[in-house]
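Visitor: The structure follows.
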Amino acid sequence: MNEIELEITGFGKGGAGIGRAGRKRYLVDFAYPGDRVLALPVSRKKARLLKILRAGDARVEPRCEHFSVCGSCRWQGLDYGSQLRYKGELIEKLFSREVEVEPSPRIWYYRNRMDFTIAENAIGMRRYSSFAEVESAEGCLLLSKESDEIIRLSRKFFRKRELAAYNLLNKQGFLRYLVVREGKFTGDRLISVVTTAGEFPLESYADALGELAESFVWAINDSPADVSYGEISSFKGRDYLEERLAGIEYRIPAFSFFQTNPYQAERMLVLVRKMLGSAGRLLDLYCGVGTFSLALADLAGEVLGIEEDAKAIEAAGLNAKLNEISNAHFIAGRAEDVLPGLEKRFDVAVVDPPRAGLHPRVVRALNTLRPEVVVYVSCNPRTQAEDIRKLDGYELEELKALDMFPHTPHVESIALLTR
Ligand SMILES: C[S@@+](CC[C@H](N)C(=O)[O-])C[C@H]1O[C@@H](n2cnc3c(N)ncnc32)[C@H](O)[C@@H]1O
């Protein structure tokens, strides 16, 4: 296909610019409303940005040297105020309601976790344009300044020990992922190395990285699945990270979920507390390590948290003890399996599912349990809006949006539903 000039008129799915030329319409990554661009159609619906012919007013110089190669922060070339405005517009379209997106308290080094791919040439992120290639994350502005040194020393150590990187294409090699997690409010840091089966010299690796982390974990993933977790084989220090949000201490197992922008997550907890006032019998679905359960426990008579990750549930129980909270209990299992069998009634349900939203059995169970109030927390307002339409007899009383993920098209939205 030939190059084509496009006028970018808005944002479409995945935060790509919508480019129009006459009746033709393409999605163009890294193009923003107001731009006029030269692009190359790569399919019927997508075109690759070749050149910006005229920059829109909201364009700024991206700060990261890897911008557009790595592709993680695809809105980094858009000024922050405009990022918030476009995220707000997305939510307004879905809910037909005006909402202002609260800015993140920090927009650089706001993440507490990065899962770096280990490749022969680099440790970093898979390239946007070619999944098989890895772009070094040295200089990445998402985690912390120390992550550069962690990558540099890790590379040096792996080379010296002649440890081969895993190759996704031929399924050969040893080193797969380097996962760095940080407790932003505790100063704790945990580094995990995920490998295929074999021997990893964890003690020497920890010595080589010295003071850069409190804890080191070695985990094995010998399956073809390209995932950044595995069975823990050994650890030095602790096999969990310590973090503190809104006065609650959390222990987070090496590979369990935790909110990735803790600065904004803390605000979210305060916001949900304010929304609820009191919580009676509280159900926390998809509870992770007890993030909402424990932060809301003092507003509730009793709390039940449900989560499929058994390690997270074990930590949630420990976290309750650690914070001297005695009214919170936890069940390990899939929400769609556990919830339909529950005999208890709840006054309030907090639901915080993964991006795919609520399982149909969870929607049915909630329609049977009929809690007075549902707080639906979501990192995907599209599935959130669809799910809310399926919940019978609720009214959308309040809708809030927080920017958890600066420089990406993602946004967190919180809906308070009452009967
Ligand atoms: C967006 S996270 C929210 C976690 C927690 N509310 C927090 O704020 O830290 C979603 C959680 O759902 C869990 N999960 C995924 N599928 C699940 C399922 N079918 N049933 C129960 N939990 C599930 C994940 O392990 C993850 O901890």
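Labeling convention for the structure tokens: chains A, B, ... as they appear, residues from 1 per chain, ligands from 1 in order of appearance.
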Check every protein, DNA and RNA residue against ligand 1, keep those with an atom at most 7 Å away (counting only C-alpha atoms and all ligand atoms), and present them as a ChimeraX atom specification.

Guide: /A:256-259,285-292,306-309,333-336,352-354

Visitor: Leaving out Arg127 in chain A and any residue of its chain fewer than 5 positions from it, which residues lie within 10 Å of it when counting only C-alpha atoms, given as a count of residues only?

Guide: 11

Visitor: For Ser326 in chain A, which residue among A:Leu342, A:Val377, A:Ala297, A:Ala385 is the nearest when counting only C-alpha atoms?

Guide: A:Ala297

Visitor: For Ala349 in chain A, please output as a CSV table (one decimal) with C-alpha atoms, in the first residue's frame all residues within 6 Å (counting only C-alpha atoms; exclusion window: fewer than 2 positions along the same chain).

Guide:
```csv
chain,number,residue,atom,x,y,z
A,282,LEU,CA,-18.4,-5.8,53.4
A,283,LEU,CA,-17.5,-8.1,50.5
A,284,ASP,CA,-14.2,-7.4,48.8
A,374,VAL,CA,-21.5,-1.7,45.1
```

Visitor: I need the residues in range 268-326 of chain A that are helix (DSSP H, G or I) according to DSSP; give them as an MDAnalysis selection string.

Guide: chainID A and resid 268:276 291:299 310:322

Visitor: Would you output that residue set with C-alpha atoms, as an mmCIF file, in the first residue's frame?

Guide:
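See selection.cif below for the written result:
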```
data_model
loop_
_atom_site.group_PDB
_atom_site.id
_atom_site.type_symbol
_atom_site.label_atom_id
_atom_site.label_comp_id
_atom_site.auth_asym_id
_atom_site.auth_seq_id
_atom_site.Cartn_x
_atom_site.Cartn_y
_atom_site.Cartn_z
ATOM 1 C CA MET A 268 -7.983 5.859 45.827
ATOM 2 C CA LEU A 269 -8.299 4.191 49.226
ATOM 3 C CA VAL A 270 -9.058 7.526 50.855
ATOM 4 C CA LEU A 271 -11.604 8.282 48.126
ATOM 5 C CA VAL A 272 -13.418 4.948 48.511
ATOM 6 C CA ARG A 273 -13.505 5.414 52.290
ATOM 7 C CA LYS A 274 -15.126 8.793 51.765
ATOM 8 C CA MET A 275 -17.606 7.423 49.228
ATOM 9 C CA LEU A 276 -18.747 4.730 51.656
ATOM 10 C CA THR A 291 -5.758 -3.781 49.803
ATOM 11 C CA PHE A 292 -9.371 -2.592 50.160
ATOM 12 C CA SER A 293 -10.416 -5.128 52.827
ATOM 13 C CA LEU A 294 -7.886 -3.843 55.323
ATOM 14 C CA ALA A 295 -8.133 -0.156 54.427
ATOM 15 C CA LEU A 296 -11.926 -0.296 54.929
ATOM 16 C CA ALA A 297 -12.081 -2.751 57.842
ATOM 17 C CA ASP A 298 -12.592 -0.053 60.482
ATOM 18 C CA LEU A 299 -15.681 1.172 58.609
ATOM 19 C CA ALA A 310 -3.708 -18.431 47.056
ATOM 20 C CA LYS A 311 -0.399 -16.728 47.947
ATOM 21 C CA ALA A 312 -2.106 -13.324 47.963
ATOM 22 C CA ILE A 313 -4.861 -14.702 50.206
ATOM 23 C CA GLU A 314 -2.332 -16.130 52.623
ATOM 24 C CA ALA A 315 -0.661 -12.695 52.695
ATOM 25 C CA ALA A 316 -4.053 -10.985 53.189
ATOM 26 C CA GLY A 317 -4.618 -13.055 56.341
ATOM 27 C CA LEU A 318 -1.126 -12.200 57.600
ATOM 28 C CA ASN A 319 -1.619 -8.548 56.706
ATOM 29 C CA ALA A 320 -4.790 -8.475 58.797
ATOM 30 C CA LYS A 321 -2.821 -9.779 61.807
ATOM 31 C CA LEU A 322 0.072 -7.420 61.135
#
```

Visitor: Excluding same-chain residues fewer than 3 positions from Glu182 in chain A, what lies within 7 Å of it counting only C-alpha atoms, as an mmCIF file with N, CA and C atoms, in the first residue's frame?

Guide:
```cif
data_model
loop_
_atom_site.group_PDB
_atom_site.id
_atom_site.type_symbol
_atom_site.label_atom_id
_atom_site.label_comp_id
_atom_site.auth_asym_id
_atom_site.auth_seq_id
_atom_site.Cartn_x
_atom_site.Cartn_y
_atom_site.Cartn_z
ATOM 1 N N ASN A 112 5.703 0.964 40.869
ATOM 2 C CA ASN A 112 6.433 0.210 41.901
ATOM 3 C C ASN A 112 6.856 -1.162 41.402
ATOM 4 N N ARG A 113 6.608 -1.423 40.103
ATOM 5 C CA ARG A 113 6.953 -2.747 39.590
ATOM 6 C C ARG A 113 7.256 -2.667 38.099
ATOM 7 N N GLY A 187 10.655 2.095 51.228
ATOM 8 C CA GLY A 187 12.050 2.033 50.749
ATOM 9 C C GLY A 187 12.504 0.608 50.500
ATOM 10 N N ASP A 188 11.586 -0.350 50.626
ATOM 11 C CA ASP A 188 11.942 -1.755 50.415
ATOM 12 C C ASP A 188 12.094 -2.039 48.908
ATOM 13 N N ARG A 189 12.950 -2.982 48.562
ATOM 14 C CA ARG A 189 13.052 -3.377 47.146
ATOM 15 C C ARG A 189 13.299 -4.881 47.051
ATOM 16 N N LEU A 190 12.613 -5.503 46.095
ATOM 17 C CA LEU A 190 12.739 -6.943 45.883
ATOM 18 C C LEU A 190 13.020 -7.210 44.410
#
```
